[in-house]
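**Student:** Can you keep this structure in mind? I'll have questions shortly.
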Amino acid sequence: MTEVAESQEESELIAYVVCGLNDIPSRRARGFHLVIVDENGEEKPLPIIIVRWGKQVFGYLNICPHDGVNLDWERNQFLDSNGLRLMCGKHGATFEIGTGACVDGPCLGNGLTPVALKVIDDDICILGVTLAEETESEEETPDS
Ligand code: FES
């Protein structure tokens with residue numbers, strides 16, 4: 001995992017490269033199983049979804065607010081049939097890509113938990129967490 005120096009105004013934050021911007025086609029989503037180090041120094045899994053929309057990226061925990069499961073019941077299948085919303089494969093809840101808010105399904109009124117991302121030098125980086133140094137991100141096969 002590569003650390004990237006942040007800009008001056010966010011110099012206290014360390015950004016970790018998750019993948020290249022071009023590793024995710026526009027209007028597609030991809031899952032990553034990261035490992036973070038918590039405030040007690042213990043390693044914890046951090047499953048995340050990254051959606052790319054042009055040059056924008058949106059990140060959420062890959063945990064459905066309805067039942068706590070991963071959204072992709074088929075690997076990296078995160079989007080609905082129109083490709084316009086994130087969808088949970090278990091009961092079909094759908095979520096706005098830009099906000100993570102549930103707009104249909106059993107967790108209406110709740111939402112996905114956002115993950116802070118930033119594109120730095122054509123890399124998609126995660127902010128606000130400490131990744132386990134020795135652990136590579138476990139990338140899953142991109143959808144196609
Ligand atoms: S577990 Fe996701 S909609 Fe029920």
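As shown in the structure tokens, the chain order sets the letters A, B, ...; within each chain, residues go from 1, and ligands are also counted from 1 in the order they appear.
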List the spatial neighbours of Gly109 (chain A) as a PyMOL selection string - criterion: any atom at most 12 Å away, only C-alpha atoms, same-chain residues fewer than 4 positions off excluded.

**Tutor:** chain A and resi 65-66+93-96+100-105

**Student:** Can you pull out every residue within 12 Å of Gln56 (chain A), counting only C-alpha atoms, but drop anything in the same chain fewer than 6 positions away, and send it as a list in words?

**Tutor:** Leu21, Asn22, Ile24, Pro25, Ser26, Arg27, Arg28, Ala29, Ile50, Ile97, Gly98, Leu117, Lys118, Val119, Ile120, Asp122, Asp123 and Ile124 of chain A

**Student:** May I ask you to write as a PyMOL selection string all residues lying at most 7 Å from ligand 1, with only C-alpha atoms and all ligand atoms counted?

**Tutor:** chain A and resi 64-69+71+88-93+105-107

**Student:** Since we have the selection now, will you write its residues out, keeping N, CA and C atoms, as a PDB file, in the first residue's frame?

**Tutor:**
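Okay, this is what ended up in again.pdb:
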ATOM      1  N   CYS A  64     -24.494  -3.228   3.865  1.00  0.00           N
ATOM      2  CA  CYS A  64     -25.868  -2.763   3.697  1.00  0.00           C
ATOM      3  C   CYS A  64     -26.450  -2.350   5.050  1.00  0.00           C
ATOM      4  N   PRO A  65     -27.065  -1.164   5.123  1.00  0.00           N
ATOM      5  CA  PRO A  65     -27.638  -0.725   6.398  1.00  0.00           C
ATOM      6  C   PRO A  65     -28.847  -1.551   6.829  1.00  0.00           C
ATOM      7  N   HIS A  66     -29.397  -2.363   5.939  1.00  0.00           N
ATOM      8  CA  HIS A  66     -30.547  -3.182   6.311  1.00  0.00           C
ATOM      9  C   HIS A  66     -30.133  -4.387   7.137  1.00  0.00           C
ATOM     10  N   ASP A  67     -29.161  -5.150   6.643  1.00  0.00           N
ATOM     11  CA  ASP A  67     -28.851  -6.419   7.301  1.00  0.00           C
ATOM     12  C   ASP A  67     -27.358  -6.651   7.478  1.00  0.00           C
ATOM     13  N   GLY A  68     -26.549  -5.635   7.193  1.00  0.00           N
ATOM     14  CA  GLY A  68     -25.122  -5.717   7.482  1.00  0.00           C
ATOM     15  C   GLY A  68     -24.301  -6.594   6.551  1.00  0.00           C
ATOM     16  N   VAL A  69     -24.848  -6.939   5.404  1.00  0.00           N
ATOM     17  CA  VAL A  69     -24.124  -7.812   4.483  1.00  0.00           C
ATOM     18  C   VAL A  69     -23.423  -6.977   3.412  1.00  0.00           C
ATOM     19  N   LEU A  71     -22.958  -5.663  -0.263  1.00  0.00           N
ATOM     20  CA  LEU A  71     -24.000  -5.398  -1.259  1.00  0.00           C
ATOM     21  C   LEU A  71     -23.904  -6.311  -2.476  1.00  0.00           C
ATOM     22  N   CYS A  88     -28.287  -3.363  -3.296  1.00  0.00           N
ATOM     23  CA  CYS A  88     -27.945  -4.516  -2.469  1.00  0.00           C
ATOM     24  C   CYS A  88     -28.564  -5.765  -3.093  1.00  0.00           C
ATOM     25  N   GLY A  89     -27.741  -6.783  -3.271  1.00  0.00           N
ATOM     26  CA  GLY A  89     -28.221  -7.999  -3.916  1.00  0.00           C
ATOM     27  C   GLY A  89     -29.111  -8.858  -3.042  1.00  0.00           C
ATOM     28  N   LYS A  90     -29.151  -8.600  -1.724  1.00  0.00           N
ATOM     29  CA  LYS A  90     -29.931  -9.498  -0.860  1.00  0.00           C
ATOM     30  C   LYS A  90     -31.425  -9.222  -0.936  1.00  0.00           C
ATOM     31  N   HIS A  91     -31.821  -7.967  -0.705  1.00  0.00           N
ATOM     32  CA  HIS A  91     -33.247  -7.631  -0.745  1.00  0.00           C
ATOM     33  C   HIS A  91     -33.550  -6.506  -1.725  1.00  0.00           C
ATOM     34  N   GLY A  92     -32.567  -6.061  -2.480  1.00  0.00           N
ATOM     35  CA  GLY A  92     -32.823  -5.119  -3.563  1.00  0.00           C
ATOM     36  C   GLY A  92     -32.898  -3.655  -3.184  1.00  0.00           C
ATOM     37  N   ALA A  93     -32.446  -3.276  -1.993  1.00  0.00           N
ATOM     38  CA  ALA A  93     -32.431  -1.844  -1.656  1.00  0.00           C
ATOM     39  C   ALA A  93     -31.542  -1.112  -2.653  1.00  0.00           C
ATOM     40  N   GLY A 105     -36.502   0.347  -0.956  1.00  0.00           N
ATOM     41  CA  GLY A 105     -36.183  -0.917  -0.309  1.00  0.00           C
ATOM     42  C   GLY A 105     -36.333  -0.853   1.196  1.00  0.00           C
ATOM     43  N   PRO A 106     -35.930  -1.925   1.880  1.00  0.00           N
ATOM     44  CA  PRO A 106     -36.225  -2.064   3.302  1.00  0.00           C
ATOM     45  C   PRO A 106     -35.444  -1.146   4.225  1.00  0.00           C
ATOM     46  N   CYS A 107     -34.423  -0.471   3.721  1.00  0.00           N
ATOM     47  CA  CYS A 107     -33.684   0.458   4.595  1.00  0.00           C
ATOM     48  C   CYS A 107     -33.901   1.900   4.168  1.00  0.00           C
TER      49      CYS A 107
END

**Student:** So which bits of chain A end up strand (DSSP E) when you DSSP the backbone, as a ChimeraX atom specification?

**Tutor:** /A:3-4,15-20,28-37,43-53,56-61,85-87,94-96,102-104,114-115,117-120,123-126,138-139

**Student:** Residues of the last selection are to be written out with C-alpha atoms, as a short mmCIF file (atom, residue, chain, number, x, y, z; two decimals), in the first residue's frame.

**Tutor:**
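Saved to again_25.cif:
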data_model
loop_
_atom_site.label_atom_id
_atom_site.label_comp_id
_atom_site.auth_asym_id
_atom_site.auth_seq_id
_atom_site.Cartn_x
_atom_site.Cartn_y
_atom_site.Cartn_z
CA GLU A 3 1.19 6.44 1.11
CA VAL A 4 0.82 9.73 -0.71
CA ALA A 15 -3.73 9.26 1.87
CA TYR A 16 -3.30 5.66 0.85
CA VAL A 17 -3.53 4.64 -2.78
CA VAL A 18 -6.26 2.06 -3.31
CA CYS A 19 -6.04 1.83 -7.10
CA GLY A 20 -5.51 3.89 -10.19
CA ARG A 28 -18.72 1.38 -12.78
CA ALA A 29 -18.16 0.27 -9.21
CA ARG A 30 -15.58 -1.99 -7.70
CA GLY A 31 -15.10 -3.55 -4.29
CA PHE A 32 -11.93 -3.70 -2.22
CA HIS A 33 -11.21 -5.54 0.99
CA LEU A 34 -8.83 -3.28 2.90
CA VAL A 35 -7.35 -3.84 6.35
CA ILE A 36 -7.06 -0.88 8.72
CA VAL A 37 -5.34 -0.38 12.05
CA GLU A 43 -6.16 -4.72 12.48
CA LYS A 44 -9.74 -4.73 11.23
CA PRO A 45 -11.23 -5.50 7.83
CA LEU A 46 -12.62 -2.56 5.87
CA PRO A 47 -14.69 -3.64 2.86
CA ILE A 48 -15.35 -0.65 0.62
CA ILE A 49 -17.08 0.18 -2.65
CA ILE A 50 -15.64 2.74 -5.00
CA VAL A 51 -17.85 4.17 -7.73
CA ARG A 52 -16.25 6.16 -10.52
CA TRP A 53 -18.34 8.68 -12.40
CA GLN A 56 -15.49 11.87 -9.66
CA VAL A 57 -15.21 9.01 -7.23
CA PHE A 58 -17.56 8.04 -4.40
CA GLY A 59 -16.68 5.66 -1.61
CA TYR A 60 -18.86 3.74 0.83
CA LEU A 61 -18.50 0.89 3.23
CA ARG A 85 -27.93 3.43 -8.39
CA LEU A 86 -26.05 1.16 -6.05
CA MET A 87 -28.09 -1.91 -5.20
CA THR A 94 -31.14 0.90 -3.93
CA PHE A 95 -28.92 3.84 -3.01
CA GLU A 96 -28.04 7.14 -4.64
CA CYS A 102 -31.35 4.57 0.39
CA VAL A 103 -34.08 5.59 -2.03
CA ASP A 104 -35.97 2.30 -2.29
CA PRO A 114 -19.34 7.23 3.28
CA VAL A 115 -15.61 6.65 2.93
CA LEU A 117 -11.65 9.36 -1.09
CA LYS A 118 -9.59 11.74 -3.17
CA VAL A 119 -8.02 11.46 -6.59
CA ILE A 120 -4.34 12.39 -6.38
CA ASP A 123 -4.70 7.47 -8.15
CA ILE A 124 -7.78 6.91 -6.01
CA CYS A 125 -6.71 7.37 -2.41
CA ILE A 126 -8.50 6.74 0.86
CA GLU A 138 -7.19 -7.33 -1.99
CA GLU A 139 -8.58 -6.22 -5.27
#

**Student:** If you run DSSP on the backbone, which residues of region 6-140 of chain A are helix (DSSP H, G or I), as a compact mmCIF listing (two decimals) with C-alpha atoms, in the first residue's frame?

**Tutor:**
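Wrote it out as out_7.txt, contents follow:
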# COMPACT_ATOMS: atom_id res chain seq x y z
CA GLN A 8 -0.80 21.57 2.59
CA GLU A 9 -4.31 22.24 3.85
CA GLU A 10 -4.77 18.55 4.57
CA LEU A 21 -8.38 6.06 -11.45
CA ASN A 22 -8.33 4.17 -14.73
CA ASP A 23 -8.57 0.82 -12.96

**Student:** So how far away is CA of Ile63 (chain A) from CA of Leu112 (chain A), in Å?

**Tutor:**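 Distance between the two atoms: 7.2 Å.
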
**Student:** So that I can see what lies close to region 38-40 of chain A, please list as an MDAnalysis selection string the residues with an atom at most 12 Å from it, counting only C-alpha atoms and leaving out residues fewer than 5 positions away in the same chain.

**Tutor:** chainID A and resid 45:46 128:132

**Student:** Which is closer to Asp121 (chain A) than all the others in A:Lys55, A:Asn62, A:Glu42, A:Trp73, using only C-alpha atoms?

**Tutor:**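 Distance minimum relative to Asp121 (chain A) lands on A:Lys55.
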
**Student:** Any idea what the distance is between CA of Thr99 (chain A) and CA of Leu84 (chain A)?

**Tutor:**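 Taking CA of Thr99 (chain A) and CA of Leu84 (chain A), their separation equals 12.4 Å.
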